[in-house]
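*Asks:* One file: start12.cif (mmCIF, C-alpha atoms and all ligand atoms).
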```cif
data_start
loop_
_atom_site.label_atom_id
_atom_site.label_comp_id
_atom_site.auth_asym_id
_atom_site.auth_seq_id
_atom_site.Cartn_x
_atom_site.Cartn_y
_atom_site.Cartn_z
CA MET Q 250 102.19 -28.00 18.76
CA ALA Q 251 99.37 -26.44 16.73
CA ASP Q 252 99.28 -22.70 17.47
CA GLY Q 253 95.65 -22.22 16.50
CA SER Q 254 94.23 -18.94 17.64
CA LEU Q 255 91.73 -20.72 19.90
CA GLU Q 256 92.18 -23.50 22.46
CA VAL Q 257 90.52 -26.50 20.78
CA GLY Q 258 91.31 -29.08 23.39
CA ALA Q 259 94.27 -31.14 24.51
CA HIS Q 260 93.06 -34.23 22.59
CA LEU Q 261 92.86 -32.52 19.20
CA ASP Q 262 96.06 -30.58 19.84
CA ALA Q 263 97.86 -33.79 20.85
CA CYS Q 264 96.71 -35.55 17.68
CA LEU Q 265 97.76 -32.58 15.55
CA ALA Q 266 101.14 -32.52 17.31
CA ARG Q 267 101.58 -36.24 16.63
CA ALA Q 268 100.86 -35.71 12.93
CA VAL Q 269 103.41 -32.86 12.89
CA SER Q 270 106.03 -35.00 14.68
CA HIS Q 271 105.56 -37.66 11.97
CA ASN Q 272 105.69 -35.01 9.24
CA PRO Q 273 107.06 -31.57 10.29
CA ALA Q 274 105.84 -30.16 6.96
CA LEU Q 275 102.31 -30.33 8.45
CA GLN Q 276 103.04 -27.63 11.06
CA ASP Q 277 101.20 -24.90 9.16
CA THR Q 278 98.40 -27.30 8.15
CA ALA Q 279 97.89 -28.23 11.82
CA ALA Q 280 97.59 -24.55 12.71
CA VAL Q 281 94.89 -24.08 10.04
CA VAL Q 282 92.97 -27.13 11.31
CA ALA Q 283 93.07 -25.70 14.84
CA ALA Q 284 91.83 -22.33 13.56
CA ILE Q 285 88.90 -23.93 11.72
CA ALA Q 286 88.10 -26.13 14.73
CA GLY Q 287 88.02 -23.02 16.91
CA ALA Q 288 85.63 -21.28 14.51
CA ALA Q 289 83.45 -24.40 14.46
CA ILE Q 290 83.07 -24.24 18.24
CA THR Q 291 81.65 -20.71 17.98
CA ILE Q 292 79.39 -21.66 15.04
CA SER Q 293 78.09 -24.63 17.05
CA GLU Q 294 77.23 -22.25 19.90
CA VAL Q 295 75.46 -19.84 17.53
CA ILE Q 296 73.36 -22.74 16.17
CA GLY Q 297 72.63 -24.04 19.66
CA ARG Q 298 71.13 -20.71 20.58
CA GLY Q 299 69.16 -20.14 17.38
CA ALA Q 300 68.56 -23.35 15.40
CA LEU Q 301 64.82 -23.18 15.84
CA GLY Q 302 64.43 -19.45 16.16
CA GLY Q 303 64.11 -18.79 12.46
CA ASP Q 304 66.61 -15.91 12.43
CA LEU Q 305 69.45 -18.19 11.26
CA ALA Q 306 67.31 -19.41 8.37
CA ALA Q 307 66.43 -15.89 7.25
CA ALA Q 308 66.99 -15.74 3.48
CA GLY Q 309 69.35 -13.17 2.01
CA SER Q 310 70.80 -12.70 -1.47
CA GLN Q 311 71.93 -15.38 -3.93
CA ASN Q 312 75.48 -16.72 -3.89
CA SER Q 313 77.53 -17.38 -7.02
CA ASP Q 314 76.17 -20.90 -7.32
CA GLY Q 315 72.59 -19.65 -7.31
CA ASP Q 316 71.84 -20.72 -3.74
CA VAL Q 317 69.81 -18.33 -1.59
CA GLN Q 318 72.15 -17.43 1.28
CA LYS Q 319 70.71 -18.04 4.73
CA ALA Q 320 71.81 -15.87 7.67
CA LEU Q 321 73.80 -18.79 9.08
CA ASP Q 322 75.62 -19.28 5.75
CA VAL Q 323 76.95 -15.74 6.10
CA ILE Q 324 77.70 -15.98 9.83
CA ALA Q 325 79.64 -19.24 9.32
CA HIS Q 326 81.52 -17.76 6.36
CA GLN Q 327 82.51 -14.72 8.44
CA ARG Q 328 83.58 -16.78 11.48
CA VAL Q 329 85.73 -19.16 9.43
CA THR Q 330 87.38 -16.51 7.26
CA GLU Q 331 88.16 -14.40 10.35
CA ALA Q 332 89.87 -17.44 11.90
CA LEU Q 333 91.79 -18.14 8.67
CA GLN Q 334 92.99 -14.53 8.53
CA ALA Q 335 95.02 -15.29 11.67
CA ALA Q 336 96.42 -18.55 10.24
CA PRO Q 337 99.11 -19.23 7.57
CA VAL Q 338 96.54 -18.99 4.76
CA ALA Q 339 97.12 -17.06 1.54
CA GLU Q 340 93.79 -17.68 -0.17
CA VAL Q 341 90.29 -18.99 0.48
CA ALA Q 342 87.74 -20.36 -1.99
CA SER Q 343 84.39 -20.22 -0.19
CA GLU Q 344 80.92 -21.22 -1.40
CA GLU Q 345 79.75 -17.86 -0.03
CA ALA Q 346 82.27 -15.70 -1.97
CA ASP Q 347 82.14 -15.22 -5.75
CA ASP Q 348 85.91 -15.12 -6.17
CA VAL Q 349 89.05 -16.33 -4.37
CA MET Q 350 89.64 -14.29 -1.19
CA ARG Q 351 93.25 -13.09 -0.69
CA LEU Q 352 94.12 -13.22 3.03
CA ASN Q 353 97.87 -13.33 3.81
CA PRO Q 354 100.05 -12.81 0.69
CA GLY Q 355 102.94 -15.28 0.57
CA ALA Q 356 101.44 -17.64 3.18
CA PRO Q 357 101.97 -21.32 2.32
CA LEU Q 358 98.39 -22.64 2.32
CA ALA Q 359 95.06 -22.28 0.53
CA VAL Q 360 91.70 -23.40 1.91
CA ALA Q 361 88.50 -24.45 0.10
CA ILE Q 362 85.51 -24.10 2.43
CA ASP Q 363 81.78 -24.76 2.52
CA PRO Q 364 81.07 -22.66 5.60
CA LEU Q 365 77.62 -24.09 6.15
CA ASP Q 366 76.57 -27.29 4.39
CA GLY Q 367 72.96 -28.42 4.39
CA SER Q 368 71.48 -24.94 4.59
CA SER Q 369 68.00 -26.24 3.76
CA ASN Q 370 68.07 -27.90 7.19
CA ILE Q 371 68.55 -24.65 9.14
CA GLY Q 372 65.52 -23.67 11.20
CA VAL Q 373 64.14 -27.22 11.41
CA ASN Q 374 66.83 -28.50 13.80
CA MET Q 375 68.35 -30.99 11.34
CA ALA Q 376 72.11 -31.56 11.08
CA VAL Q 377 74.21 -29.04 9.15
CA GLY Q 378 77.99 -28.72 8.88
CA THR Q 379 81.20 -27.03 7.73
CA ILE Q 380 83.47 -28.67 5.12
CA PHE Q 381 87.12 -27.77 4.41
CA GLY Q 382 90.08 -28.84 2.29
CA ILE Q 383 93.61 -27.53 2.93
CA ARG Q 384 96.15 -27.47 0.10
CA PRO Q 385 99.45 -25.77 -0.83
CA ALA Q 386 99.05 -22.20 -2.12
CA VAL Q 387 100.26 -21.76 -5.70
CA GLN Q 388 101.40 -18.36 -7.02
CA ASP Q 389 100.85 -18.00 -10.77
CA ALA Q 390 100.40 -14.51 -12.24
CA GLY Q 391 98.72 -16.08 -15.26
CA ASN Q 392 96.14 -18.01 -13.22
CA PRO Q 393 94.49 -16.20 -10.28
CA ILE Q 394 92.95 -19.47 -9.05
CA ALA Q 395 96.10 -21.60 -9.52
CA SER Q 396 95.88 -22.87 -5.92
CA PHE Q 397 92.54 -24.47 -6.72
CA THR Q 398 93.03 -25.92 -10.20
CA THR Q 399 95.31 -28.72 -9.00
CA PRO Q 400 93.70 -32.13 -8.37
CA GLY Q 401 92.40 -33.11 -4.93
CA THR Q 402 95.40 -35.40 -4.39
CA VAL Q 403 97.37 -32.27 -3.42
CA GLN Q 404 95.22 -31.77 -0.32
CA LEU Q 405 97.30 -31.88 2.88
CA ALA Q 406 94.26 -32.21 5.13
CA ALA Q 407 90.48 -32.32 4.86
CA GLY Q 408 87.59 -32.46 7.24
CA PHE Q 409 84.09 -31.51 8.16
CA VAL Q 410 82.22 -30.58 11.29
CA THR Q 411 78.68 -31.86 11.78
CA TYR Q 412 76.47 -29.71 14.01
CA GLY Q 413 74.10 -32.48 15.00
CA PRO Q 414 73.04 -34.21 18.24
CA ALA Q 415 76.75 -33.87 18.98
CA THR Q 416 79.15 -31.48 17.29
CA ALA Q 417 81.72 -33.77 15.66
CA LEU Q 418 84.93 -33.01 13.76
CA VAL Q 419 85.85 -35.64 11.13
CA LEU Q 420 89.47 -35.08 10.09
CA THR Q 421 92.33 -36.47 8.06
CA LEU Q 422 95.90 -35.23 7.71
CA GLY Q 423 96.78 -38.07 5.38
CA GLU Q 424 97.24 -40.73 8.05
CA GLY Q 425 93.74 -42.17 8.37
CA THR Q 426 90.44 -40.48 9.33
CA GLN Q 427 89.65 -39.58 12.92
CA VAL Q 428 86.50 -38.39 14.71
CA TYR Q 429 86.45 -35.88 17.60
CA VAL Q 430 83.38 -34.83 19.56
CA LEU Q 431 82.98 -31.38 21.14
CA ASP Q 432 82.89 -31.27 24.93
CA ARG Q 433 80.73 -28.17 25.22
CA ALA Q 434 81.62 -27.43 28.84
CA GLU Q 435 85.36 -27.55 28.09
CA ARG Q 436 84.94 -26.08 24.55
CA ALA Q 437 87.34 -28.85 23.51
CA PHE Q 438 87.31 -31.64 20.91
CA ARG Q 439 87.90 -35.13 22.29
CA LEU Q 440 89.07 -38.06 20.14
CA THR Q 441 86.40 -40.76 19.85
CA HIS Q 442 87.54 -42.74 16.77
CA ALA Q 443 91.28 -42.97 16.03
CA ALA Q 444 90.99 -44.67 12.64
CA LEU Q 445 87.69 -45.14 10.79
CA ASP Q 446 87.46 -48.25 8.59
CA VAL Q 447 84.44 -48.24 6.26
CA PRO Q 448 82.96 -51.72 5.54
CA ALA Q 449 83.66 -52.75 1.92
CA ALA Q 450 80.09 -53.95 1.37
CA ALA Q 451 76.87 -52.33 2.58
CA LYS Q 452 73.12 -52.47 2.22
CA GLU Q 453 72.20 -48.78 2.47
CA TYR Q 454 72.07 -46.15 -0.27
CA ALA Q 455 71.45 -42.40 -0.16
CA ILE Q 456 70.01 -40.50 -3.11
CA ASN Q 457 67.34 -37.84 -3.59
CA ALA Q 458 64.73 -40.18 -5.09
CA SER Q 459 62.49 -37.27 -6.09
CA ASN Q 460 64.91 -36.71 -8.99
CA ALA Q 461 64.37 -40.25 -10.39
CA ARG Q 462 62.60 -39.01 -13.54
CA HIS Q 463 65.68 -36.90 -14.36
CA TRP Q 464 68.35 -39.58 -13.84
CA GLU Q 465 70.45 -40.89 -16.70
CA GLY Q 466 70.58 -44.59 -17.66
CA PRO Q 467 73.37 -45.99 -15.46
CA ILE Q 468 72.06 -44.44 -12.22
CA LYS Q 469 68.47 -45.35 -13.07
CA ALA Q 470 69.55 -48.99 -13.66
CA PHE Q 471 71.67 -49.10 -10.46
CA ILE Q 472 68.83 -47.80 -8.27
CA GLU Q 473 66.24 -50.04 -9.96
CA ASP Q 474 68.44 -53.01 -9.08
CA CYS Q 475 68.75 -51.75 -5.48
CA LEU Q 476 64.93 -51.54 -5.35
CA ARG Q 477 64.59 -55.13 -6.66
CA GLY Q 478 66.37 -56.25 -3.51
CA ALA Q 479 67.32 -59.89 -3.03
CA GLU Q 480 65.36 -60.86 -6.19
CA GLY Q 481 67.60 -58.69 -8.32
CA PRO Q 482 71.20 -59.05 -9.52
CA ARG Q 483 72.50 -57.55 -6.30
CA ASP Q 484 70.84 -60.30 -4.22
CA LYS Q 485 70.48 -58.12 -1.13
CA ASP Q 486 67.71 -55.98 0.34
CA TYR Q 487 68.76 -52.32 0.66
CA ASN Q 488 67.69 -49.64 3.11
CA MET Q 489 67.55 -45.94 2.03
CA ARG Q 490 68.47 -42.73 3.85
CA TRP Q 491 68.56 -39.13 2.50
CA LEU Q 492 69.30 -36.37 5.04
CA GLY Q 493 69.55 -33.36 2.70
CA SER Q 494 72.87 -32.53 4.33
CA LEU Q 495 76.03 -33.87 2.71
CA VAL Q 496 78.00 -33.86 5.95
CA ALA Q 497 75.33 -35.85 7.81
CA ASP Q 498 75.09 -38.45 5.03
CA ALA Q 499 78.90 -38.61 4.82
CA GLN Q 500 79.25 -39.11 8.56
CA ARG Q 501 76.75 -42.01 8.47
CA VAL Q 502 78.59 -43.63 5.55
CA LEU Q 503 81.95 -43.23 7.31
CA MET Q 504 80.59 -44.76 10.53
CA ARG Q 505 78.57 -47.70 9.11
CA GLY Q 506 79.17 -47.94 5.37
CA GLY Q 507 76.74 -47.48 2.49
CA VAL Q 508 76.81 -45.56 -0.76
CA PHE Q 509 75.83 -41.90 -1.40
CA LEU Q 510 74.94 -40.67 -4.87
CA TYR Q 511 74.33 -37.17 -6.16
CA PRO Q 512 74.64 -37.84 -9.92
CA GLY Q 513 74.31 -35.47 -12.80
CA ASP Q 514 70.77 -35.44 -14.15
CA GLN Q 515 68.69 -34.01 -16.98
CA ARG Q 516 67.42 -30.92 -15.11
CA LYS Q 517 68.68 -27.61 -16.49
CA GLY Q 518 71.96 -26.78 -14.75
CA TYR Q 519 72.29 -30.23 -13.16
CA ALA Q 520 74.32 -32.04 -15.85
CA GLN Q 521 77.15 -32.13 -13.31
CA GLY Q 522 74.85 -32.63 -10.33
CA ARG Q 523 74.45 -30.26 -7.41
CA LEU Q 524 77.64 -30.64 -5.36
CA ARG Q 525 80.82 -28.60 -5.78
CA LEU Q 526 84.20 -30.22 -6.46
CA LEU Q 527 86.53 -28.01 -4.44
CA TYR Q 528 84.73 -27.53 -1.13
CA GLU Q 529 82.39 -30.53 -1.01
CA ALA Q 530 83.50 -33.49 -3.17
CA ALA Q 531 87.30 -33.26 -2.84
CA PRO Q 532 87.46 -32.96 0.99
CA ILE Q 533 84.86 -35.74 1.39
CA ALA Q 534 86.82 -37.88 -1.10
CA MET Q 535 90.05 -37.54 0.91
CA LEU Q 536 88.24 -38.47 4.14
CA MET Q 537 86.62 -41.48 2.44
CA GLU Q 538 89.84 -42.82 0.89
CA GLN Q 539 91.71 -42.35 4.18
CA ALA Q 540 88.98 -44.47 5.83
CA GLY Q 541 89.21 -47.29 3.25
CA ALA Q 542 86.22 -46.14 1.20
CA GLY Q 543 85.97 -44.73 -2.34
CA ALA Q 544 84.76 -41.56 -4.08
CA THR Q 545 84.11 -41.08 -7.81
CA ASP Q 546 82.02 -39.03 -10.20
CA GLY Q 547 80.40 -42.36 -11.09
CA GLU Q 548 83.45 -43.45 -13.07
CA ARG Q 549 86.54 -41.28 -12.33
CA ARG Q 550 88.29 -40.93 -8.95
CA ILE Q 551 87.26 -37.56 -7.48
CA LEU Q 552 90.78 -36.82 -6.21
CA ASP Q 553 92.17 -36.99 -9.76
CA ILE Q 554 89.77 -34.37 -11.13
CA GLU Q 555 91.03 -30.79 -11.67
CA ALA Q 556 88.63 -27.86 -11.23
CA ALA Q 557 88.42 -25.21 -13.95
CA GLY Q 558 86.47 -22.84 -11.69
CA ILE Q 559 86.15 -22.56 -7.90
CA HIS Q 560 82.40 -23.29 -7.90
CA GLU Q 561 82.53 -26.08 -10.47
CA ARG Q 562 80.07 -28.90 -9.83
CA VAL Q 563 80.79 -32.61 -10.10
CA PRO Q 564 78.63 -35.75 -9.88
CA LEU Q 565 79.47 -37.51 -6.60
CA VAL Q 566 79.34 -41.17 -5.58
CA PHE Q 567 81.11 -42.22 -2.38
CA GLY Q 568 81.14 -44.95 0.28
CA SER Q 569 81.79 -48.69 0.56
CA THR Q 570 84.28 -49.73 -2.10
CA GLU Q 571 82.20 -52.64 -3.45
CA GLU Q 572 79.18 -50.35 -3.92
CA VAL Q 573 81.18 -47.56 -5.56
CA ALA Q 574 82.80 -50.12 -7.91
CA CYS Q 575 79.36 -51.56 -8.69
CA VAL Q 576 78.04 -48.13 -9.74
CA ALA Q 577 80.96 -47.77 -12.16
CA LYS Q 578 79.98 -51.07 -13.83
CA TYR Q 579 76.59 -49.59 -14.74
CA TYR Q 580 78.36 -46.75 -16.56
CA ASP Q 581 80.10 -49.05 -19.00
CA GLY Q 582 77.39 -51.66 -19.19
CA ARG Q 583 79.40 -54.23 -17.29
CA ASN Q 584 76.62 -54.74 -14.74
P1 LIG I 1 74.77 -26.34 0.75
O1 LIG I 1 73.75 -26.17 1.80
O2 LIG I 1 76.18 -26.14 1.22
O3 LIG I 1 74.48 -25.50 -0.48
O4 LIG I 1 74.77 -27.87 0.31
C1 LIG I 1 73.58 -28.52 0.20
C2 LIG I 1 73.79 -29.81 -0.54
C3 LIG I 1 74.20 -30.97 0.34
O5 LIG I 1 74.37 -30.64 1.68
C4 LIG I 1 73.06 -31.94 0.20
O6 LIG I 1 73.52 -33.24 0.04
C5 LIG I 1 72.37 -31.49 -1.07
O7 LIG I 1 72.58 -30.09 -1.16
C6 LIG I 1 70.91 -31.74 -1.03
O8 LIG I 1 70.45 -31.40 -2.33
P2 LIG I 1 68.90 -31.58 -2.68
O9 LIG I 1 68.19 -30.53 -1.88
O10 LIG I 1 68.84 -31.35 -4.18
O11 LIG I 1 68.51 -32.98 -2.28
MN MN I 2 74.50 -23.41 -0.50
MN MN I 3 77.30 -27.87 0.85
MN MN I 4 77.01 -24.35 1.94
#
```
As a first step, turn the structure in this file into structure tokens.

*Replies:*
Amino acid sequence: MADGSLEVGAHLDACLARAVSHNPALQDTAAVVAAIAGAAITISEVIGRGALGGDLAAAGSQNSDGDVQKALDVIAHQRVTEALQAAPVAEVASEEADDVMRLNPGAPLAVAIDPLDGSSNIGVNMAVGTIFGIRPAVQDAGNPIASFTTPGTVQLAAGFVTYGPATALVLTLGEGTQVYVLDRAERAFRLTHAALDVPAAAKEYAINASNARHWEGPIKAFIEDCLRGAEGPRDKDYNMRWLGSLVADAQRVLMRGGVFLYPGDQRKGYAQGRLRLLYEAAPIAMLMEQAGAGATDGERRILDIEAAGIHERVPLVFGSTEEVACVAKYYDGRN
């Protein structure tokens, strides 16, 4: 049974226990999931009290990726890392910390975390979230970030929490992708979807269209063909959504299909796009593949890509397999 430091609900604990009974090696991973879920409950309560108050959106200093840290970024980072300190975690790579944080020397696991995703949505009551990937810790005196330079296929578990109309935990331990919703009165996560199955085809795409003038050829051609609708080579009329919060867009794609694109573009510093490999793309990619969807950098499978630095960016395309495969065709002119 997961021994997370906080009660996170009989449903989630039962599902974690089932995963551990199938694979006893997941015992420590289950404890880390329970710890993060417990921290997410407190973050959800902090947001519930202050999402519109403005204090949570108060700007602070810049983080290592150049983002202006909002108060809630820092609060979420503190809540999660406190919870991980009490779990079998050796190291943490967080968006809100310049370098790898050393927690429990010799512990078996390492965690990559985006404590608060979608920070631009804080203060306007739009969905934000927490993203995490759990992987084996690697000791290597010659490489202080050795735990994080292995490809995403090593991840033992991945998930995100969306703080939206409901607080939902989307989770995989390598046996499909589940969804749990927070029962606020019980402070417990209840299973609502035991095995997500993303439709292979879809008619909805998500991209920040204000960057169109900066896109490179293949993405420009793909989106132009989406815009041509049924008259174009794709012979279907698309809808568009862009929520400015990766977790919210990812949850929609997991629940009803579609394709999300944050490509590299010609703006200074955006050659590899805006999203980070370790604590955004790789966890989302594991969740997508476990739900029958795909995730690439436009061409390469995200889970095969190795990070050279903990804040390294990567172009990200994920969602319905036919759409993700179609994007790849535009990269080698097969479209
Ligand atoms: P974060 O708030 O963790 O820095 O991530 C924000 C990301 C992601 O949530 C979202 O998809 C993307 O930024 C939106 O980028 P644009 O503002 O460039 O559209
Ligand atoms: Mn940020
Ligand atoms: Mn983010
Ligand atoms: Mn963030």

*Asks:* At a cut-off of 9 Å and counting all atoms listed in the file, what residues surround ligand MN 4 (chain I)? Please answer as a count of residues only.

*Replies:* 18

*Asks:* Rank Q:Glu424, Q:Asp314, Q:Asp277, Q:Asp262 by their smallest atom-to-atom distance to Ala540 in chain Q, using all atoms listed in the file, and report the top residue only.

*Replies:*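 Distance minimum relative to Ala540 in chain Q lands on Q:Glu424.
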
*Asks:* With distances taken over all atoms listed in the file, which residue among Q:Glu453, Q:Asp347, Q:Asp474, Q:Glu294 lies nearest Arg505 in chain Q?

*Replies:*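 Counting all atoms listed in the file, the residue closest to Arg505 in chain Q is Q:Glu453.
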
*Asks:* Can you work out which one of Q:Arg439, Q:Lys319, Q:Arg384, Q:His271 has the shortest atom-to-atom distance to ligand LIG 1 (chain I), counting only C-alpha atoms and all ligand atoms?

*Replies:*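 Of Q:Arg439, Q:Lys319, Q:Arg384, Q:His271, the one nearest ligand LIG 1 (chain I), counting only C-alpha atoms and all ligand atoms, is Q:Lys319.
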
*Asks:* Would you please work out which residue, of Q:Asn460, Q:Gln334, Q:Ser369, Q:Thr421, is nearest to ligand MN 2 (chain I) when using only C-alpha atoms and all ligand atoms?

*Replies:*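 Counting only C-alpha atoms and all ligand atoms, the residue closest to ligand MN 2 (chain I) is Q:Ser369.
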
*Asks:* Quick one: distance from CA of Thr545 in chain Q to CA of Ala577 in chain Q in Å, one decimal?

*Replies:*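 A separation of 8.6 Å between them.
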
*Asks:* With distances taken over all atoms listed in the file, which of Q:Arg298, Q:Thr278, Q:Gln311, Q:Val338 is nearest to ligand MN 2 (chain I)?

*Replies:*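 Of Q:Arg298, Q:Thr278, Q:Gln311, Q:Val338, the one nearest ligand MN 2 (chain I), counting all atoms listed in the file, is Q:Gln311.
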
*Asks:* So which residues touch range 396-410 of chain Q within 8 Å, counting only C-alpha atoms, skipping near sequence neighbours fewer than 3 positions away, as a PyMOL selection string?

*Replies:* chain Q and resi 275+278+289+342+359+361+378-388+416-423+496+527+531-533+535-536+551-559

*Asks:* Out of Q:Ala280, Q:Leu305, Q:Met537, Q:Ile472, which residue has the shortest atom-to-atom distance to Val576 in chain Q when counting all atoms listed in the file?

*Replies:*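 The closest residue to Val576 in chain Q is Q:Ile472.
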
*Asks:* One decimal, Å: what's the distance from CA of Gly541 in chain Q over to CA of Asp498 in chain Q, could you say?

*Replies:*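 A separation of 16.8 Å between them.
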
*Asks:* Enumerate, as a list in words, the protein, DNA and RNA residues whose atoms approach (68.2, -22.7, 11.9) to within 9 Å, taking into account all atoms listed in the file and the coordinate frame of the file.

*Replies:* Ile296, Gly299, Ala300, Leu301, Gly302, Gly303, Asp304, Leu305, Ala306, Ala307, Lys319, Ala320, Leu321, Ser368, Ser369, Asn370, Ile371, Gly372, Val373, Asn374 and Met375 of chain Q

*Asks:* For ligand LIG 1 (chain I), I'd like the enclosing box, axis-aligned and padded by 8 Å on every side, reported as AutoDock Vina command-line options with centre and edge lengths in Å to one decimal.

*Replies:*
```
--center_x 72.2 --center_y -29.4 --center_z -1.2 --size_x 24.0 --size_y 23.7 --size_z 22.0
```

*Asks:* Just how far from CA of Gly507 in chain Q is CA of Glu465 in chain Q, in Å to one decimal?

*Replies:* 21.2 Å

*Asks:* If we draw a sphere of 10 Å around (71.6, -32.4, -5.5), which residues have at least one atom in it when counting only C-alpha atoms? Please report them as a ChimeraX atom specification.

*Replies:* /Q:456-457,460,493-495,510-514,519,521-525,564-565

*Asks:* Go ahead and dump the residues you just picked, C-alpha atoms, as a PDB file, in the coordinates of the input.

*Replies:*
```
ATOM      1  CA  ILE Q 456      70.010 -40.500  -3.110  1.00  0.00           C
ATOM      2  CA  ASN Q 457      67.340 -37.840  -3.590  1.00  0.00           C
ATOM      3  CA  ASN Q 460      64.910 -36.710  -8.990  1.00  0.00           C
ATOM      4  CA  GLY Q 493      69.550 -33.360   2.700  1.00  0.00           C
ATOM      5  CA  SER Q 494      72.870 -32.530   4.330  1.00  0.00           C
ATOM      6  CA  LEU Q 495      76.030 -33.870   2.710  1.00  0.00           C
ATOM      7  CA  LEU Q 510      74.940 -40.670  -4.870  1.00  0.00           C
ATOM      8  CA  TYR Q 511      74.330 -37.170  -6.160  1.00  0.00           C
ATOM      9  CA  PRO Q 512      74.640 -37.840  -9.920  1.00  0.00           C
ATOM     10  CA  GLY Q 513      74.310 -35.470 -12.800  1.00  0.00           C
ATOM     11  CA  ASP Q 514      70.770 -35.440 -14.150  1.00  0.00           C
ATOM     12  CA  TYR Q 519      72.290 -30.230 -13.160  1.00  0.00           C
ATOM     13  CA  GLN Q 521      77.150 -32.130 -13.310  1.00  0.00           C
ATOM     14  CA  GLY Q 522      74.850 -32.630 -10.330  1.00  0.00           C
ATOM     15  CA  ARG Q 523      74.450 -30.260  -7.410  1.00  0.00           C
ATOM     16  CA  LEU Q 524      77.640 -30.640  -5.360  1.00  0.00           C
ATOM     17  CA  ARG Q 525      80.820 -28.600  -5.780  1.00  0.00           C
ATOM     18  CA  PRO Q 564      78.630 -35.750  -9.880  1.00  0.00           C
ATOM     19  CA  LEU Q 565      79.470 -37.510  -6.600  1.00  0.00           C
TER      20      LEU Q 565
END
```

*Asks:* Can you list, as a PyMOL selection string, every protein, DNA or RNA residue that comes within 12 Å of Ala263 in chain Q when you count only C-alpha atoms, leaving out same-chain residues fewer than 2 positions away?

*Replies:* chain Q and resi 250-252+256-261+265-270+279+283+437-440

*Asks:* With C-alpha atoms retained, could you export that selection as an mmCIF file, in the coordinates of the input?

*Replies:*
```cif
data_model
loop_
_atom_site.group_PDB
_atom_site.id
_atom_site.type_symbol
_atom_site.label_atom_id
_atom_site.label_comp_id
_atom_site.auth_asym_id
_atom_site.auth_seq_id
_atom_site.Cartn_x
_atom_site.Cartn_y
_atom_site.Cartn_z
ATOM 1 C CA MET Q 250 102.190 -28.000 18.760
ATOM 2 C CA ALA Q 251 99.370 -26.440 16.730
ATOM 3 C CA ASP Q 252 99.280 -22.700 17.470
ATOM 4 C CA GLU Q 256 92.180 -23.500 22.460
ATOM 5 C CA VAL Q 257 90.520 -26.500 20.780
ATOM 6 C CA GLY Q 258 91.310 -29.080 23.390
ATOM 7 C CA ALA Q 259 94.270 -31.140 24.510
ATOM 8 C CA HIS Q 260 93.060 -34.230 22.590
ATOM 9 C CA LEU Q 261 92.860 -32.520 19.200
ATOM 10 C CA LEU Q 265 97.760 -32.580 15.550
ATOM 11 C CA ALA Q 266 101.140 -32.520 17.310
ATOM 12 C CA ARG Q 267 101.580 -36.240 16.630
ATOM 13 C CA ALA Q 268 100.860 -35.710 12.930
ATOM 14 C CA VAL Q 269 103.410 -32.860 12.890
ATOM 15 C CA SER Q 270 106.030 -35.000 14.680
ATOM 16 C CA ALA Q 279 97.890 -28.230 11.820
ATOM 17 C CA ALA Q 283 93.070 -25.700 14.840
ATOM 18 C CA ALA Q 437 87.340 -28.850 23.510
ATOM 19 C CA PHE Q 438 87.310 -31.640 20.910
ATOM 20 C CA ARG Q 439 87.900 -35.130 22.290
ATOM 21 C CA LEU Q 440 89.070 -38.060 20.140
#
```
